[in-house]
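Enquirer: Just structure_11.cif, nothing more (mmCIF, C-alpha atoms):
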```cif
data_protein
loop_
_atom_site.label_atom_id
_atom_site.label_comp_id
_atom_site.auth_asym_id
_atom_site.auth_seq_id
_atom_site.Cartn_x
_atom_site.Cartn_y
_atom_site.Cartn_z
CA MET A 1 14.92 -27.58 -6.80
CA LYS A 2 17.64 -25.04 -7.56
CA ALA A 3 18.59 -22.60 -4.82
CA ALA A 4 17.68 -19.61 -7.04
CA ARG A 5 14.09 -20.82 -7.24
CA LEU A 6 13.78 -20.54 -3.47
CA LEU A 7 14.13 -16.78 -3.81
CA ARG A 8 10.67 -16.64 -5.37
CA TRP A 9 9.22 -16.90 -1.87
CA TYR A 10 10.61 -13.44 -1.13
CA PRO A 11 9.06 -10.13 -2.29
CA ARG A 12 10.58 -8.75 -5.49
CA ALA A 13 12.06 -5.65 -3.86
CA TRP A 14 13.75 -7.82 -1.22
CA ARG A 15 15.15 -10.15 -3.91
CA GLU A 16 16.62 -7.22 -5.81
CA ARG A 17 18.35 -5.92 -2.68
CA TYR A 18 19.42 -9.13 -0.87
CA GLY A 19 18.82 -11.96 -3.37
CA GLU A 20 22.37 -12.37 -4.63
CA GLU A 21 23.76 -12.21 -1.10
CA LEU A 22 21.36 -14.88 0.12
CA LEU A 23 22.22 -17.12 -2.83
CA ALA A 24 25.93 -16.68 -2.11
CA LEU A 25 25.32 -17.61 1.53
CA ILE A 26 23.35 -20.71 0.53
CA GLN A 27 26.15 -21.76 -1.84
CA ASP A 28 28.78 -21.18 0.88
CA THR A 29 26.68 -23.15 3.36
CA LEU A 30 26.17 -26.09 1.02
CA ASP A 31 29.69 -26.16 -0.39
CA GLU A 32 28.56 -27.49 -3.84
CA GLY A 33 25.99 -29.85 -2.29
CA ARG A 34 22.22 -29.83 -2.89
CA PRO A 35 19.98 -27.78 -0.58
CA THR A 36 18.61 -29.92 2.22
CA TRP A 37 14.91 -29.91 3.06
CA ARG A 38 15.67 -28.19 6.34
CA LEU A 39 17.51 -25.39 4.54
CA ARG A 40 14.74 -25.06 1.96
CA LEU A 41 12.09 -24.84 4.65
CA GLY A 42 14.14 -22.22 6.47
CA VAL A 43 14.42 -20.08 3.34
CA VAL A 44 10.72 -20.51 2.52
CA ARG A 45 9.79 -19.52 6.06
CA GLY A 46 12.10 -16.50 5.80
CA GLY A 47 10.46 -15.47 2.52
CA LEU A 48 6.94 -15.78 3.90
CA ARG A 49 7.96 -13.89 7.01
CA GLU A 50 9.39 -11.12 4.81
CA ARG A 51 6.17 -10.93 2.79
CA ALA A 52 4.14 -10.76 6.01
CA HIS A 53 6.45 -8.03 7.31
CA GLN A 54 5.99 -5.95 4.16
CA ALA A 55 2.21 -6.46 4.30
CA ARG A 56 2.17 -5.29 7.92
CA GLN A 57 4.19 -2.23 6.95
CA ALA A 58 1.79 -1.43 4.11
CA VAL A 59 -1.24 -1.75 6.41
CA GLY A 60 0.50 0.38 9.03
CA ALA A 61 1.25 3.07 6.46
CA ALA A 62 -2.38 3.03 5.30
CA ILE A 63 -3.62 3.42 8.88
CA LYS A 64 -1.30 6.37 9.39
CA ARG A 65 -2.93 7.99 6.34
CA PRO A 66 -6.60 8.24 7.36
CA SER A 67 -7.32 10.49 4.38
CA GLY A 68 -6.26 7.67 2.05
CA LEU A 69 -8.54 5.20 3.82
CA ASP A 70 -11.32 7.74 3.77
CA LEU A 71 -10.93 8.18 0.02
CA TRP A 72 -10.93 4.41 -0.44
CA ALA A 73 -14.13 4.11 1.62
CA LYS A 74 -15.73 6.72 -0.60
CA MET A 75 -14.67 4.82 -3.70
CA LEU A 76 -16.21 1.68 -2.20
CA ALA A 77 -19.44 3.54 -1.55
CA ALA A 78 -19.37 5.04 -5.05
CA GLY A 79 -18.85 1.57 -6.60
CA THR A 80 -21.77 0.14 -4.65
CA ILE A 81 -23.97 3.07 -5.61
CA VAL A 82 -23.11 2.69 -9.30
CA ALA A 83 -24.02 -1.00 -9.03
CA ILE A 84 -27.48 -0.33 -7.58
CA LEU A 85 -28.25 2.86 -9.53
CA PRO A 86 -30.16 1.16 -12.40
CA GLN A 87 -32.56 -0.40 -9.91
CA ASN A 88 -33.19 2.92 -8.15
CA LEU A 89 -33.65 4.93 -11.33
CA SER A 90 -36.65 2.74 -12.16
CA GLU A 91 -38.46 3.66 -8.93
CA SER A 92 -40.90 6.57 -8.84
CA PRO A 93 -40.93 9.07 -5.98
CA PRO A 94 -44.02 9.40 -3.76
CA PRO A 95 -46.26 12.22 -5.14
CA ALA A 96 -45.94 14.25 -1.92
CA ARG A 97 -42.19 14.52 -2.35
CA GLY A 98 -42.12 14.98 -6.11
CA TRP A 99 -40.44 18.40 -6.24
CA GLN A 100 -37.80 17.40 -3.69
CA ALA A 101 -36.94 14.39 -5.83
CA VAL A 102 -36.61 16.51 -8.98
CA ALA A 103 -34.43 19.10 -7.21
CA ALA A 104 -32.24 16.41 -5.63
CA PHE A 105 -31.86 14.61 -8.96
CA ASP A 106 -30.85 17.88 -10.69
CA ALA A 107 -28.32 18.51 -7.93
CA LEU A 108 -27.01 14.96 -8.36
CA LEU A 109 -26.58 15.43 -12.10
CA ALA A 110 -24.76 18.74 -11.50
CA ALA A 111 -22.45 17.11 -8.95
CA VAL A 112 -21.72 14.19 -11.29
CA ALA A 113 -21.02 16.63 -14.14
CA LEU A 114 -18.70 18.67 -11.92
CA THR A 115 -16.83 15.57 -10.76
CA GLY A 116 -16.55 14.25 -14.29
CA ALA A 117 -15.28 17.63 -15.50
CA VAL A 118 -12.62 17.69 -12.78
CA VAL A 119 -11.46 14.16 -13.60
CA VAL A 120 -11.47 14.81 -17.37
CA ALA A 121 -9.63 18.15 -16.95
CA SER A 122 -7.03 16.44 -14.78
CA GLY A 123 -6.54 13.71 -17.36
CA LEU A 124 -6.44 16.08 -20.33
CA ALA A 125 -3.88 18.31 -18.61
CA ALA A 126 -1.57 15.32 -18.17
CA LEU A 127 -2.24 13.86 -21.63
CA PRO A 128 0.68 15.54 -23.50
CA ALA A 129 3.11 14.37 -20.80
CA LEU A 130 1.63 10.86 -21.01
CA VAL A 131 2.05 10.81 -24.81
CA ARG A 132 5.67 11.91 -24.45
CA PHE A 133 6.24 9.19 -21.85
CA LEU A 134 4.75 6.49 -24.08
CA GLN A 135 6.67 7.69 -27.14
CA ALA A 136 9.86 7.47 -25.11
CA GLY A 137 9.19 3.74 -24.57
CA GLY A 138 7.49 3.97 -21.18
CA TRP A 139 4.69 1.49 -21.90
CA PRO A 140 6.44 -1.55 -20.31
CA LYS A 141 6.67 0.37 -17.02
CA ILE A 142 2.90 0.70 -16.70
CA ARG A 143 1.70 -2.22 -18.83
CA ARG A 144 1.06 -4.68 -16.00
CA ARG A 145 -1.12 -2.28 -13.98
CA VAL A 146 -3.06 -1.07 -17.02
CA VAL A 147 -3.71 -4.65 -18.17
CA TRP A 148 -4.99 -5.59 -14.70
CA ALA A 149 -7.27 -2.54 -14.62
CA ALA A 150 -8.58 -3.23 -18.13
CA GLY A 151 -9.22 -6.87 -17.23
CA ALA A 152 -11.09 -5.87 -14.07
CA THR A 153 -13.16 -3.42 -16.12
CA VAL A 154 -14.15 -6.15 -18.57
CA VAL A 155 -15.13 -8.43 -15.68
CA ALA A 156 -17.11 -5.65 -13.97
CA GLY A 157 -18.83 -4.70 -17.23
CA GLY A 158 -19.77 -8.32 -17.87
CA ALA A 159 -21.09 -8.70 -14.34
CA LEU A 160 -23.15 -5.50 -14.63
CA ALA A 161 -24.57 -6.58 -17.99
CA GLY A 162 -25.46 -9.97 -16.53
CA LEU A 163 -27.15 -8.30 -13.58
CA VAL A 164 -29.19 -6.00 -15.82
CA LEU A 165 -30.25 -8.93 -18.03
CA ALA A 166 -31.18 -11.02 -14.99
CA ALA A 167 -33.23 -8.17 -13.51
CA GLY A 168 -34.94 -7.48 -16.85
CA SER A 169 -36.29 -11.00 -17.19
CA ARG A 170 -37.83 -11.08 -13.69
CA SER A 171 -40.48 -9.18 -11.78
CA PRO A 172 -39.37 -6.88 -8.89
CA ALA A 173 -40.80 -9.43 -6.42
CA GLN A 174 -38.75 -12.23 -7.97
CA VAL A 175 -35.64 -10.09 -7.93
CA ASN A 176 -36.11 -9.21 -4.26
CA ALA A 177 -36.62 -12.86 -3.30
CA SER A 178 -33.65 -14.21 -5.27
CA TYR A 179 -30.50 -15.03 -3.30
CA ALA A 180 -28.68 -15.65 -6.58
CA TYR A 181 -29.51 -12.10 -7.69
CA LEU A 182 -28.35 -10.75 -4.32
CA ALA A 183 -25.05 -12.64 -4.67
CA GLY A 184 -24.64 -11.36 -8.22
CA PHE A 185 -25.44 -7.86 -7.05
CA LEU A 186 -22.78 -7.97 -4.33
CA ALA A 187 -20.22 -9.52 -6.68
CA THR A 188 -20.91 -6.81 -9.27
CA GLY A 189 -20.48 -4.08 -6.69
CA LEU A 190 -17.15 -5.57 -5.64
CA ALA A 191 -16.03 -5.99 -9.26
CA ILE A 192 -16.84 -2.36 -10.07
CA THR A 193 -15.08 -1.17 -6.94
CA ALA A 194 -12.04 -3.29 -7.77
CA ALA A 195 -11.96 -1.91 -11.31
CA ILE A 196 -12.13 1.69 -10.03
CA GLY A 197 -9.37 0.94 -7.52
CA LEU A 198 -7.13 -0.72 -10.11
CA TRP A 199 -7.53 2.22 -12.50
CA ALA A 200 -6.62 4.56 -9.64
CA ILE A 201 -3.48 2.47 -9.01
CA ALA A 202 -2.63 2.44 -12.72
CA ALA A 203 -3.16 6.22 -12.92
CA ALA A 204 -0.91 6.73 -9.91
CA ALA A 205 1.77 4.54 -11.53
CA MET A 206 1.56 6.58 -14.73
CA ALA A 207 1.67 9.88 -12.82
CA ARG A 208 4.91 8.85 -11.14
CA HIS A 209 6.63 8.67 -14.53
CA LEU A 210 5.31 11.88 -16.07
CA THR A 211 7.43 14.97 -16.52
CA LEU A 212 5.26 18.01 -15.87
CA ASP A 213 5.70 21.74 -16.12
CA PRO A 214 5.61 23.26 -12.56
CA ARG A 215 2.58 25.39 -13.40
CA LEU A 216 0.71 22.37 -14.75
CA ARG A 217 1.80 20.36 -11.73
CA ALA A 218 0.37 23.03 -9.43
CA VAL A 219 -2.96 22.87 -11.29
CA GLN A 220 -2.90 19.06 -11.06
CA LEU A 221 -2.40 19.25 -7.30
CA VAL A 222 -5.55 21.34 -6.95
CA LEU A 223 -7.57 19.09 -9.28
CA VAL A 224 -6.45 16.00 -7.36
CA ALA A 225 -7.49 17.68 -4.11
CA VAL A 226 -10.86 18.75 -5.52
CA THR A 227 -11.78 15.23 -6.73
CA PRO A 228 -12.51 13.63 -3.31
CA ALA A 229 -14.55 16.69 -2.32
CA ALA A 230 -16.54 16.41 -5.55
CA VAL A 231 -17.10 12.68 -4.94
CA THR A 232 -18.40 13.55 -1.49
CA VAL A 233 -20.84 16.03 -3.02
CA VAL A 234 -22.01 13.33 -5.45
CA LEU A 235 -22.62 10.90 -2.62
CA ALA A 236 -24.40 13.53 -0.53
CA THR A 237 -26.71 14.61 -3.36
CA LEU A 238 -27.38 10.97 -4.24
CA ASN A 239 -28.46 10.32 -0.67
CA LEU A 240 -30.64 13.42 -0.76
CA TRP A 241 -32.31 12.01 -3.84
CA TRP A 242 -32.82 8.64 -2.17
CA SER A 243 -34.26 10.35 0.89
CA ALA A 244 -36.76 12.10 -1.44
CA THR A 245 -37.69 9.00 -3.42
CA GLN A 246 -37.46 6.21 -0.86
CA SER A 247 -36.81 6.85 2.80
CA PRO A 248 -35.85 9.85 4.95
CA VAL A 249 -33.28 7.55 6.59
CA TRP A 250 -30.91 8.47 3.77
CA LEU A 251 -30.73 11.99 5.19
CA VAL A 252 -28.57 10.51 7.95
CA ALA A 253 -26.12 9.35 5.30
CA VAL A 254 -26.09 12.90 3.88
CA LEU A 255 -25.01 14.23 7.26
CA VAL A 256 -22.33 11.53 7.54
CA PHE A 257 -20.89 12.32 4.12
CA LEU A 258 -21.02 16.08 4.67
CA GLY A 259 -19.36 15.65 8.07
CA SER A 260 -16.68 13.53 6.48
CA ALA A 261 -16.16 16.15 3.79
CA SER A 262 -15.86 18.98 6.28
CA VAL A 263 -13.06 17.27 8.22
CA ASP A 264 -11.15 15.81 5.30
CA ALA A 265 -11.87 16.42 1.64
CA TRP A 266 -12.31 20.21 1.73
CA ARG A 267 -9.26 20.63 3.93
CA ARG A 268 -7.09 19.29 1.12
CA ILE A 269 -7.91 22.02 -1.35
CA PRO A 270 -6.23 25.01 0.38
CA ARG A 271 -3.32 22.73 1.27
CA ALA A 272 -2.95 21.78 -2.39
CA VAL A 273 -3.08 25.43 -3.44
CA ARG A 274 -0.31 26.30 -0.96
CA ARG A 275 1.81 23.35 -2.13
CA GLY A 276 1.30 24.37 -5.74
CA ARG A 277 2.54 27.89 -4.97
CA ARG A 278 5.60 26.53 -3.16
CA LEU A 279 6.27 24.15 -6.02
CA ARG A 280 6.19 26.91 -8.63
CA ALA A 281 8.35 29.17 -6.50
CA ALA A 282 10.92 26.43 -5.84
CA ALA A 283 11.07 25.21 -9.42
CA GLY A 284 11.51 28.73 -10.75
CA GLY A 285 10.07 27.73 -14.11
CA ALA A 286 12.08 24.53 -14.52
CA THR A 287 10.41 21.34 -15.72
CA ILE A 288 10.23 18.65 -13.02
CA VAL A 289 9.39 15.02 -12.60
CA ASN A 290 6.33 14.52 -10.38
CA PRO A 291 7.68 15.68 -6.98
CA SER A 292 4.65 14.56 -5.00
CA ALA A 293 5.18 10.93 -5.97
CA GLN A 294 8.88 11.16 -5.10
CA ARG A 295 8.15 12.76 -1.75
CA THR A 296 5.60 10.11 -0.80
CA HIS A 297 7.68 7.22 -2.20
CA GLY A 298 5.00 6.21 -4.64
CA ARG A 299 2.03 6.65 -2.30
CA HIS A 300 0.25 8.74 -4.91
CA ARG A 301 -3.02 10.22 -3.81
CA ALA A 302 -5.66 9.82 -6.45
CA MET B 1 16.02 -3.38 25.48
CA ALA B 2 12.57 -3.50 24.03
CA SER B 3 13.09 -0.23 22.15
CA SER B 4 16.09 -1.69 20.31
CA GLY B 5 14.10 -4.83 19.46
CA LEU B 6 16.69 -7.10 21.11
CA ARG B 7 14.76 -9.45 23.36
CA ARG B 8 16.54 -12.70 24.16
CA ALA B 9 20.12 -13.86 24.37
CA ASN B 10 19.65 -16.19 21.40
CA ASP B 11 17.81 -13.64 19.26
CA PRO B 12 19.37 -13.61 15.77
CA PRO B 13 19.61 -9.76 15.72
CA LEU B 14 21.44 -9.74 19.05
CA LEU B 15 23.79 -12.52 17.95
CA ILE B 16 24.57 -10.64 14.73
CA LEU B 17 25.34 -7.43 16.61
CA VAL B 18 27.65 -9.32 18.98
CA SER B 19 29.39 -10.95 16.02
CA LEU B 20 29.88 -7.61 14.24
CA ALA B 21 31.12 -5.91 17.40
CA ASP B 22 34.71 -6.94 16.58
CA GLY B 23 34.60 -6.01 12.89
CA PRO B 24 32.70 -6.31 9.59
CA LYS B 25 31.66 -9.75 8.29
CA HIS B 26 29.67 -11.13 5.38
CA GLY B 27 26.82 -13.63 5.69
CA HIS B 28 28.77 -16.89 5.79
CA ALA B 29 31.40 -15.50 8.20
CA LEU B 30 28.59 -14.26 10.45
CA ALA B 31 26.90 -17.66 10.52
CA LYS B 32 30.16 -19.44 11.32
CA ASP B 33 31.11 -16.94 14.03
CA ILE B 34 27.70 -17.14 15.70
CA GLU B 35 27.86 -20.93 15.69
CA ASP B 36 31.32 -20.74 17.28
CA PHE B 37 30.61 -18.31 20.13
CA ALA B 38 26.91 -19.05 20.82
CA GLY B 39 26.41 -22.58 19.56
CA VAL B 40 23.42 -21.35 17.56
CA LYS B 41 23.20 -22.46 13.94
CA LEU B 42 21.37 -19.78 11.94
CA GLY B 43 20.02 -20.86 8.56
CA PRO B 44 20.32 -18.52 5.57
CA GLY B 45 16.64 -17.52 5.81
CA ALA B 46 16.79 -16.62 9.50
CA LEU B 47 20.14 -14.86 9.13
CA TYR B 48 19.05 -12.64 6.25
CA GLY B 49 15.69 -11.94 7.89
CA ALA B 50 17.55 -10.58 10.91
CA ILE B 51 20.05 -8.68 8.73
CA THR B 52 17.14 -7.04 6.87
CA ARG B 53 15.53 -5.86 10.13
CA LEU B 54 18.84 -4.57 11.51
CA VAL B 55 19.59 -2.63 8.31
CA GLU B 56 16.05 -1.17 8.38
CA ARG B 57 16.57 0.01 11.94
CA GLY B 58 19.98 1.46 11.13
CA LEU B 59 21.80 -0.79 13.61
CA ILE B 60 24.08 -2.29 10.94
CA GLU B 61 25.03 -1.14 7.45
CA PRO B 62 26.47 -2.78 4.34
CA LEU B 63 29.97 -2.01 3.15
CA GLY B 64 30.98 -1.71 -0.48
CA GLY B 65 32.70 -4.51 -2.32
CA ASP B 66 31.56 -7.83 -3.75
CA ASP B 67 27.79 -7.67 -4.24
CA ARG B 68 27.40 -11.40 -3.66
CA ARG B 69 29.33 -11.49 -0.40
CA ARG B 70 28.68 -8.04 0.94
CA PRO B 71 30.13 -7.43 4.41
CA TYR B 72 28.16 -5.63 7.11
CA GLN B 73 29.38 -3.48 9.98
CA ILE B 74 27.76 -2.33 13.19
CA THR B 75 26.74 1.37 13.30
CA PRO B 76 27.06 3.73 16.30
CA PRO B 77 23.33 3.32 17.12
CA GLY B 78 23.86 -0.45 16.81
CA SER B 79 26.71 -0.29 19.33
CA VAL B 80 24.50 1.68 21.73
CA ALA B 81 21.63 -0.78 21.33
CA LEU B 82 23.96 -3.74 21.87
CA ALA B 83 25.51 -2.14 24.96
CA GLY B 84 22.03 -1.51 26.39
CA ALA B 85 20.91 -5.08 25.74
CA LEU B 86 24.05 -6.54 27.26
CA ALA B 87 23.76 -4.28 30.35
CA GLU B 88 20.21 -5.48 30.91
CA MET B 89 21.25 -9.11 30.48
CA ARG B 90 24.08 -8.53 32.95
CA ARG B 91 21.60 -7.18 35.53
CA ILE B 92 19.35 -10.20 35.04
CA THR B 93 22.31 -12.58 35.22
CA ARG B 94 23.52 -10.99 38.47
CA ALA B 95 20.07 -11.25 40.03
CA GLY B 96 19.70 -14.89 39.00
CA VAL B 97 23.18 -15.86 40.15
CA SER B 98 22.66 -14.06 43.47
CA ARG B 99 19.27 -15.68 44.14
CA LEU B 100 20.62 -19.13 43.37
CA GLY B 101 23.41 -18.53 45.84
CA LEU B 102 26.05 -18.94 43.16
CA ASP B 103 27.43 -15.44 43.59
CA PRO B 104 30.86 -15.67 45.29
CA ALA B 105 30.49 -12.09 46.60
#
```
Could you show the structure in this file as C-alpha cells?
Expert:
Amino acid sequence: MKAARLLRWYPRAWRERYGEELLALIQDTLDEGRPTWRLRLGVVRGGLRERAHQARQAVGAAIKRPSGLDLWAKMLAAGTIVAILPQNLSESPPPARGWQAVAAFDALLAAVALTGAVVVASGLAALPALVRFLQAGGWPKIRRRVVWAAGATVVAGGALAGLVLAAGSRSPAQVNASYAYLAGFLATGLAITAAIGLWAIAAAAMARHLTLDPRLRAVQLVLVAVTPAAVTVVLATLNLWWSATQSPVWLVAVLVFLGSASVDAWRRIPRAVRRGRRLRAAAGGATIVNPSAQRTHGRHRA
Amino acid sequence: MASSGLRRANDPPLLILVSLADGPKHGHALAKDIEDFAGVKLGPGALYGAITRLVERGLIEPLGGDDRRRPYQITPPGSVALAGALAEMRRITRAGVSRLGLDPA
C-alpha cells in the first residue's frame, strides 16, 4: 500500500490542510523504505480519531443551535405525517364532530397552501441567481448533493408507491396486523424524511454560491424565517384535524407544536427583518454573495 | 493544566510545545527532538493529530515556506500554557520527592 493511500482515512478538509505535510513526514521517517504495519496502523488510527473529532465537533455545534435541531425535528414529524397521510385521508370523522373536522381540514389546506407559497416564492426569488450560477459553470460544485437528494427522492417515491399498492390490496384489518406493512411504513417515513433533509442540504449548498441583490437577500431572510413557522402551523392544524377525526389526544400535540412555535419559530421573523434592514443599509445597494452563509461558515438555515 | 488540555508528561501536545520552546521545527525535526529529550517515539499519525489540536487551540502556528515540510512555532498563548503545565508538574514532582524522602532540603 502506498503512503498516499493511507491519507484516505482522514477527512477531506484535513487532507487538504495537512495531507502533504503528513506524507512528507512519513517519507522522512521511512527514508525510502516501505511503510511498516505499525506505521500504517498509527496513521489509520490518527485518521479515524480525526474523523471522530470532527463528528464530535459537528454534534456539539448542532447542540449549541437548538433552533436547528428544532427545525430538524419538525421536518422529521412532517416526513412521518406525509407518510401516513394517505391512510388518514381514507378515514371518516365521527358524525358528532363533523363540522370540526371540515373546519380543521380547511385550515390545514390553507396552512399547506401558505407554506407552499412561501417555499415557492423563496425558490422563485433565487431562480435568476441560480441560473446565472449554473451558466457560469457552477454545476460541479453542487452536483454531488443534488444527485444524492434526487436519488433519495426516487427511493422515497418508490417506497411510498409500494406502500400504497400494498395497502390497496389488503383490508384495513390485514394492514393493521401486518408487521411487514409496519416495517415498510417506518422505512417509507424515514426515506421521505431523508429525502427532505438531503434537498434542504442541497438547497443550502446552492444558496452559499448564489450572488444576490441586497434587497432580494433581505426578502429571502424573511422567507427563510417564515418557513419553520408555517411548517409549525401545518403540523398544528393537522393535529387539530386528527383530534376531530380520530382522538382528542391529538389536541395535546397541537399545544406542543404551538408552544414550540411561540418560543422558536415566530421569534425568528422579527430577527430576520432586522437583519435584512442592516444588510441593506450596510451593502448600500451593492450586490453581495450570500453573507449569512459566510457568517455561519456554511451552517445555512433552511 | 486542564484548561490548556495538557494532562500528562508524555502527552504528545505537551512534548510538542516543549520541543518548540527553543525554536520552530517541522514534523520530522519535532519527532526526532522529542525522541531525543523524552525517549518517546511519536508516529506520524499521533504527531499530526497533536499538531492539529494545538493549531486549533492557537497554541502553535505554522510558518510560511515549503508546504511539504512546514515548520511550526509556539505562540504566546502556547508559551503561557506550557509554563502553567510545567509549573504544575514541578509542584507534583516536589511533593512526590519530598514524600519519598528524596528531597535533600
Enquirer: For chain B, work out the contacting residues on chain A at 6 Å, counting all atoms listed in the file, and write them as a PyMOL selection string.
Expert: chain A and resi 20-21+24-25+42-43+46
Enquirer: Which of these residues is nearest to Gln54 in chain A, using all atoms listed in the file: B:Leu17, B:Val40, B:Asn10, B:Glu56?
Expert: B:Glu56
Enquirer: In Å, how far is it from CA of Leu30 in chain B to CA of Ile74 in chain B?
Expert: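 Result for CA of Leu30 in chain B versus CA of Ile74 in chain B: 12.3 Å, one decimal.
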Enquirer: Between A:Leu216, A:Arg8, A:Gln174, A:Ala230, which has the minimum distance to Leu124 in chain A (counting all atoms listed in the file)?
Expert: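 When distances to Leu124 in chain A are compared using all atoms listed in the file, the smallest one comes from A:Leu216.
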Enquirer: Hey, which of A:Leu23, A:Ala113, A:Ala149, A:Ile269 ends up closest to Val226 in chain A? Count all atoms listed in the file.
Expert: A:Ile269
Enquirer: Translate the PyMOL selection byres ((chain A and resi 270-284) around 7), as applied to the file shown, into an explicit residue set as a PyMOL selection string.
Expert: chain A and resi 214-215+218+221-222+225+267-269+285-286
Enquirer: If you keep C-alpha atoms, can you produce a file of those selected residues as a PDB file, in the frame of the given file?
Expert:
```
ATOM      1  CA  PRO A 214       5.610  23.260 -12.560  1.00  0.00           C
ATOM      2  CA  ARG A 215       2.580  25.390 -13.400  1.00  0.00           C
ATOM      3  CA  ALA A 218       0.370  23.030  -9.430  1.00  0.00           C
ATOM      4  CA  LEU A 221      -2.400  19.250  -7.300  1.00  0.00           C
ATOM      5  CA  VAL A 222      -5.550  21.340  -6.950  1.00  0.00           C
ATOM      6  CA  ALA A 225      -7.490  17.680  -4.110  1.00  0.00           C
ATOM      7  CA  ARG A 267      -9.260  20.630   3.930  1.00  0.00           C
ATOM      8  CA  ARG A 268      -7.090  19.290   1.120  1.00  0.00           C
ATOM      9  CA  ILE A 269      -7.910  22.020  -1.350  1.00  0.00           C
ATOM     10  CA  GLY A 285      10.070  27.730 -14.110  1.00  0.00           C
ATOM     11  CA  ALA A 286      12.080  24.530 -14.520  1.00  0.00           C
TER      12      ALA A 286
END
```
Enquirer: Report, in Å to a single decimal, how far apart CA of Trp242 in chain A and CA of Ala104 in chain A are.
Expert: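 Here the two named atoms are 8.5 Å from each other.
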Enquirer: One decimal, Å: what's the distance from CA of Trp266 in chain A over to CA of Thr211 in chain A, could you say?
Expert: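 So the two atoms, CA of Trp266 in chain A and CA of Thr211 in chain A, lie 27.4 Å apart.
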Enquirer: Evaluating the PyMOL selection byres ((chain A and resi 115) around 8) on the displayed file yields which residues, as a PDB file with C-alpha atoms, in the frame of the given file?
Expert:
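To be explicit, this is the file written out as part36.pdb:
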```pdb
ATOM      1  CA  ALA A 111     -22.450  17.110  -8.950  1.00  0.00           C
ATOM      2  CA  VAL A 112     -21.720  14.190 -11.290  1.00  0.00           C
ATOM      3  CA  ALA A 113     -21.020  16.630 -14.140  1.00  0.00           C
ATOM      4  CA  LEU A 114     -18.700  18.670 -11.920  1.00  0.00           C
ATOM      5  CA  GLY A 116     -16.550  14.250 -14.290  1.00  0.00           C
ATOM      6  CA  ALA A 117     -15.280  17.630 -15.500  1.00  0.00           C
ATOM      7  CA  VAL A 118     -12.620  17.690 -12.780  1.00  0.00           C
ATOM      8  CA  VAL A 119     -11.460  14.160 -13.600  1.00  0.00           C
ATOM      9  CA  THR A 227     -11.780  15.230  -6.730  1.00  0.00           C
ATOM     10  CA  ALA A 230     -16.540  16.410  -5.550  1.00  0.00           C
ATOM     11  CA  VAL A 231     -17.100  12.680  -4.940  1.00  0.00           C
ATOM     12  CA  VAL A 234     -22.010  13.330  -5.450  1.00  0.00           C
TER      13      VAL A 234
END
```
Enquirer: Quick check on the file I pasted: which residues fall under the PyMOL selection byres ((chain A and resi 193-197) around 6)? Write them as a PyMOL selection string.
Expert: chain A and resi 76+79+149+152-153+190-192+198-200
Enquirer: Using all atoms listed in the file, pick whichever of A:Ala150, A:Leu127, A:Ala159, A:Val164 has the shortest atom-to-atom distance to Met206 in chain A.
Expert: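 Result for the nearest residue to Met206 in chain A: A:Leu127.
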